[in-house]
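Asker: What follows is model.cif, mmCIF, C-alpha atoms, pLDDT in the B column; chains and numbers go by the auth columns.
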data_query
loop_
_atom_site.group_PDB
_atom_site.id
_atom_site.type_symbol
_atom_site.label_atom_id
_atom_site.label_comp_id
_atom_site.label_asym_id
_atom_site.label_seq_id
_atom_site.Cartn_x
_atom_site.Cartn_y
_atom_site.Cartn_z
_atom_site.B_iso_or_equiv
_atom_site.auth_seq_id
_atom_site.auth_asym_id
ATOM 1 C CA MET A 1 109.160 23.915 154.382 58.00 1 A
ATOM 2 C CA VAL A 2 106.780 20.964 154.526 64.00 2 A
ATOM 3 C CA ALA A 3 106.988 18.201 151.953 65.00 3 A
ATOM 4 C CA VAL A 4 103.661 17.581 150.179 68.00 4 A
ATOM 5 C CA ALA A 5 104.230 13.839 150.622 68.00 5 A
ATOM 6 C CA SER A 6 104.134 14.188 154.412 74.00 6 A
ATOM 7 C CA LEU A 7 100.600 15.652 154.270 76.00 7 A
ATOM 8 C CA LYS A 8 98.968 12.409 153.033 80.00 8 A
ATOM 9 C CA PRO A 9 96.252 14.375 151.200 84.00 9 A
ATOM 10 C CA THR A 10 92.656 13.125 151.029 88.00 10 A
ATOM 11 C CA MET A 11 89.478 14.686 149.672 91.00 11 A
ATOM 12 C CA ARG A 12 85.821 13.705 149.242 95.00 12 A
ATOM 13 C CA MET A 13 83.758 15.230 146.454 95.00 13 A
ATOM 14 C CA GLU A 14 79.974 14.816 146.250 96.00 14 A
ATOM 15 C CA TYR A 15 77.473 15.950 143.656 95.00 15 A
ATOM 16 C CA GLY A 16 74.043 14.361 143.232 93.00 16 A
ATOM 17 C CA ASP A 17 74.574 10.606 143.330 94.00 17 A
ATOM 18 C CA GLN A 18 78.310 10.922 142.576 94.00 18 A
ATOM 19 C CA ILE A 19 80.659 10.366 145.514 95.00 19 A
ATOM 20 C CA VAL A 20 84.392 10.314 144.809 95.00 20 A
ATOM 21 C CA ASP A 21 86.950 9.723 147.556 93.00 21 A
ATOM 22 C CA CYS A 22 90.431 10.802 146.551 91.00 22 A
ATOM 23 C CA ALA A 23 93.543 9.823 148.471 86.00 23 A
ATOM 24 C CA PHE A 24 97.108 10.191 147.358 79.00 24 A
ATOM 25 C CA GLU A 25 99.990 8.217 148.772 77.00 25 A
ATOM 26 C CA PHE A 26 103.395 9.286 147.600 74.00 26 A
ATOM 27 C CA LYS A 27 106.050 6.657 147.050 73.00 27 A
ATOM 28 C CA LYS A 28 108.468 6.490 149.917 73.00 28 A
ATOM 29 C CA GLY A 29 111.961 7.799 149.351 68.00 29 A
ATOM 30 C CA PHE A 30 114.044 10.916 149.124 62.00 30 A
ATOM 31 C CA PHE A 31 112.535 12.164 145.885 63.00 31 A
ATOM 32 C CA SER A 32 108.968 12.211 147.279 67.00 32 A
ATOM 33 C CA ASN A 33 110.102 15.260 149.276 71.00 33 A
ATOM 34 C CA MET A 34 110.819 17.060 145.999 77.00 34 A
ATOM 35 C CA ILE A 35 107.267 16.907 144.539 78.00 35 A
ATOM 36 C CA TYR A 36 105.857 20.413 144.854 78.00 36 A
ATOM 37 C CA THR A 37 102.500 20.267 143.052 83.00 37 A
ATOM 38 C CA TYR A 38 99.720 17.705 142.811 84.00 38 A
ATOM 39 C CA VAL A 39 96.099 17.546 141.648 90.00 39 A
ATOM 40 C CA ILE A 40 94.070 15.168 143.790 90.00 40 A
ATOM 41 C CA GLY A 41 90.719 15.446 141.985 92.00 41 A
ATOM 42 C CA ILE A 42 88.954 17.094 139.066 92.00 42 A
ATOM 43 C CA ILE A 43 85.442 18.532 138.813 93.00 43 A
ATOM 44 C CA GLU A 44 84.476 18.929 135.161 91.00 44 A
ATOM 45 C CA ILE A 45 81.517 21.192 134.429 89.00 45 A
ATOM 46 C CA ASP A 46 80.081 21.524 130.937 83.00 46 A
ATOM 47 C CA GLN A 47 76.694 22.668 129.622 84.00 47 A
ATOM 48 C CA ASP A 48 74.921 19.396 130.437 87.00 48 A
ATOM 49 C CA ASN A 49 76.902 17.591 133.146 89.00 49 A
ATOM 50 C CA ILE A 50 79.051 17.814 136.224 93.00 50 A
ATOM 51 C CA THR A 51 81.568 14.985 136.455 92.00 51 A
ATOM 52 C CA LEU A 52 83.774 14.218 139.456 94.00 52 A
ATOM 53 C CA ARG A 53 86.907 12.087 139.168 92.00 53 A
ATOM 54 C CA PRO A 54 90.144 11.430 141.017 92.00 54 A
ATOM 55 C CA SER A 55 93.387 12.603 139.432 89.00 55 A
ATOM 56 C CA GLY A 56 96.620 11.685 141.177 82.00 56 A
ATOM 57 C CA ILE A 57 98.715 13.802 138.790 87.00 57 A
ATOM 58 C CA THR A 58 101.903 15.247 140.286 85.00 58 A
ATOM 59 C CA SER A 59 104.670 17.486 139.049 85.00 59 A
ATOM 60 C CA LYS A 60 107.917 15.825 138.102 86.00 60 A
ATOM 61 C CA THR A 61 110.437 15.564 140.905 84.00 61 A
ATOM 62 C CA GLY A 62 111.966 18.993 141.525 83.00 62 A
ATOM 63 C CA SER A 63 109.703 20.724 138.988 84.00 63 A
ATOM 64 C CA GLU A 64 107.869 23.976 139.749 83.00 64 A
ATOM 65 C CA ALA A 65 105.425 23.424 136.857 84.00 65 A
ATOM 66 C CA THR A 66 101.721 24.044 137.486 88.00 66 A
ATOM 67 C CA PRO A 67 98.600 22.159 136.365 90.00 67 A
ATOM 68 C CA TRP A 68 97.275 23.003 132.911 91.00 68 A
ATOM 69 C CA LEU A 69 93.829 22.021 131.589 90.00 69 A
ATOM 70 C CA THR A 70 93.197 21.732 127.851 89.00 70 A
ATOM 71 C CA ARG A 71 89.836 20.984 126.255 87.00 71 A
ATOM 72 C CA THR A 72 89.761 19.216 122.913 88.00 72 A
ATOM 73 C CA GLY A 73 86.186 18.640 121.780 85.00 73 A
ATOM 74 C CA ASN A 74 84.425 16.995 124.722 81.00 74 A
ATOM 75 C CA GLU A 75 87.606 15.808 126.406 85.00 75 A
ATOM 76 C CA ILE A 76 89.598 17.544 129.155 87.00 76 A
ATOM 77 C CA THR A 77 93.302 16.778 129.447 91.00 77 A
ATOM 78 C CA LEU A 78 95.297 17.638 132.568 92.00 78 A
ATOM 79 C CA THR A 79 99.038 18.076 132.190 91.00 79 A
ATOM 80 C CA MET A 80 101.598 19.319 134.668 90.00 80 A
ATOM 81 C CA ASP A 81 103.457 21.692 132.373 89.00 81 A
ATOM 82 C CA GLY A 82 101.935 25.102 133.113 87.00 82 A
ATOM 83 C CA PRO A 83 104.018 28.184 133.950 85.00 83 A
ATOM 84 C CA HIS A 84 105.904 28.280 137.244 81.00 84 A
ATOM 85 C CA MET A 85 104.102 30.343 139.903 78.00 85 A
ATOM 86 C CA PHE A 86 105.638 31.860 143.027 77.00 86 A
ATOM 87 C CA LYS A 87 103.840 33.863 145.701 76.00 87 A
ATOM 88 C CA GLY A 88 104.155 37.603 145.110 82.00 88 A
ATOM 89 C CA LYS A 89 105.732 37.219 141.662 80.00 89 A
ATOM 90 C CA LYS A 90 104.439 37.274 138.091 77.00 90 A
ATOM 91 C CA PRO A 91 103.950 33.881 136.379 72.00 91 A
ATOM 92 C CA SER A 92 106.996 32.529 134.592 70.00 92 A
ATOM 93 C CA SER A 93 107.276 33.332 130.892 69.00 93 A
ATOM 94 C CA ARG A 94 109.257 30.159 130.157 68.00 94 A
ATOM 95 C CA GLY A 95 107.673 27.658 127.797 69.00 95 A
ATOM 96 C CA ASN A 96 104.773 28.219 125.424 76.00 96 A
ATOM 97 C CA LYS A 97 101.874 28.388 127.927 77.00 97 A
ATOM 98 C CA ARG A 98 100.757 31.659 129.519 73.00 98 A
ATOM 99 C CA TYR A 99 98.186 32.739 132.068 71.00 99 A
ATOM 100 C CA ILE A 100 96.272 35.804 130.921 67.00 100 A
#
Translate this file's structure into structure tokens.
Answerer:
Amino acid sequence: MVAVASLKPTMRMEYGDQIVDCAFEFKKGFFSNMIYTYVIGIIEIDQDNITLRPSGITSKTGSEATPWLTRTGNEITLTMDGPHMFKGKKPSSRGNKRYI
């Protein structure tokens, strides 16, 4: 198993005149090896615009939660409280959020 923190993730997103460089540096320490999920950047597409932005959102230490996007009006909110997902298995049914 490889700790996400050891990967030192970076990403560049470009669209039109928008250029967004995303880099994530995890805090040093034992618990950085127990972060399993992160979102480094977000591309938001609506009827009129495409917006690029960095994120930097991570799961809580030791959590298997997944990213969850919610739109309220014109605003997108990213939380890290989606159902747990494991390769080859159905999504978790814990909590009140479900993938359909």
Asker: Please expand the PyMOL selection byres ((chain A and resi 62) around 6) into the concrete residues it hits in this file, giving the result as a PyMOL selection string.
Answerer: chain A and resi 34-35+61+63
Asker: Take the point (98.3, 22.4, 138.9) as written in the file and pick out every residue within 12 Å of it, counting only C-alpha atoms; give the list as a PyMOL selection string.
Answerer: chain A and resi 35-42+55-60+63-69+78-85
Asker: Just to confirm, what's the straight-line distance from atom CA of A:Asn74 to atom CA of A:Phe24 in Å (one decimal)?
Answerer: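 Atom CA of A:Phe24 lies 26.8 Å from atom CA of A:Asn74.
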Asker: As lines of an AutoDock Vina configuration file, what would the box around stretch 15-26 of chain A look like: edges along x, y and z, 6 Å added on every side, centre and edge lengths in Å to one decimal?
Answerer:
center_x = 88.7
center_y = 12.1
center_z = 145.7
size_x = 41.4
size_y = 19.7
size_z = 18.2
Asker: Using the chain letters and numbers from the file, which residues does the PyMOL selection byres ((chain A and resi 16) around 12) grab, as a list in words?
Answerer: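 On this input, the PyMOL selection byres ((chain A and resi 16) around 12) captures Met13, Glu14, Tyr15, Asp17, Gln18, Ile19, Val20, Asn49, Ile50, Thr51 and Leu52 of chain A.
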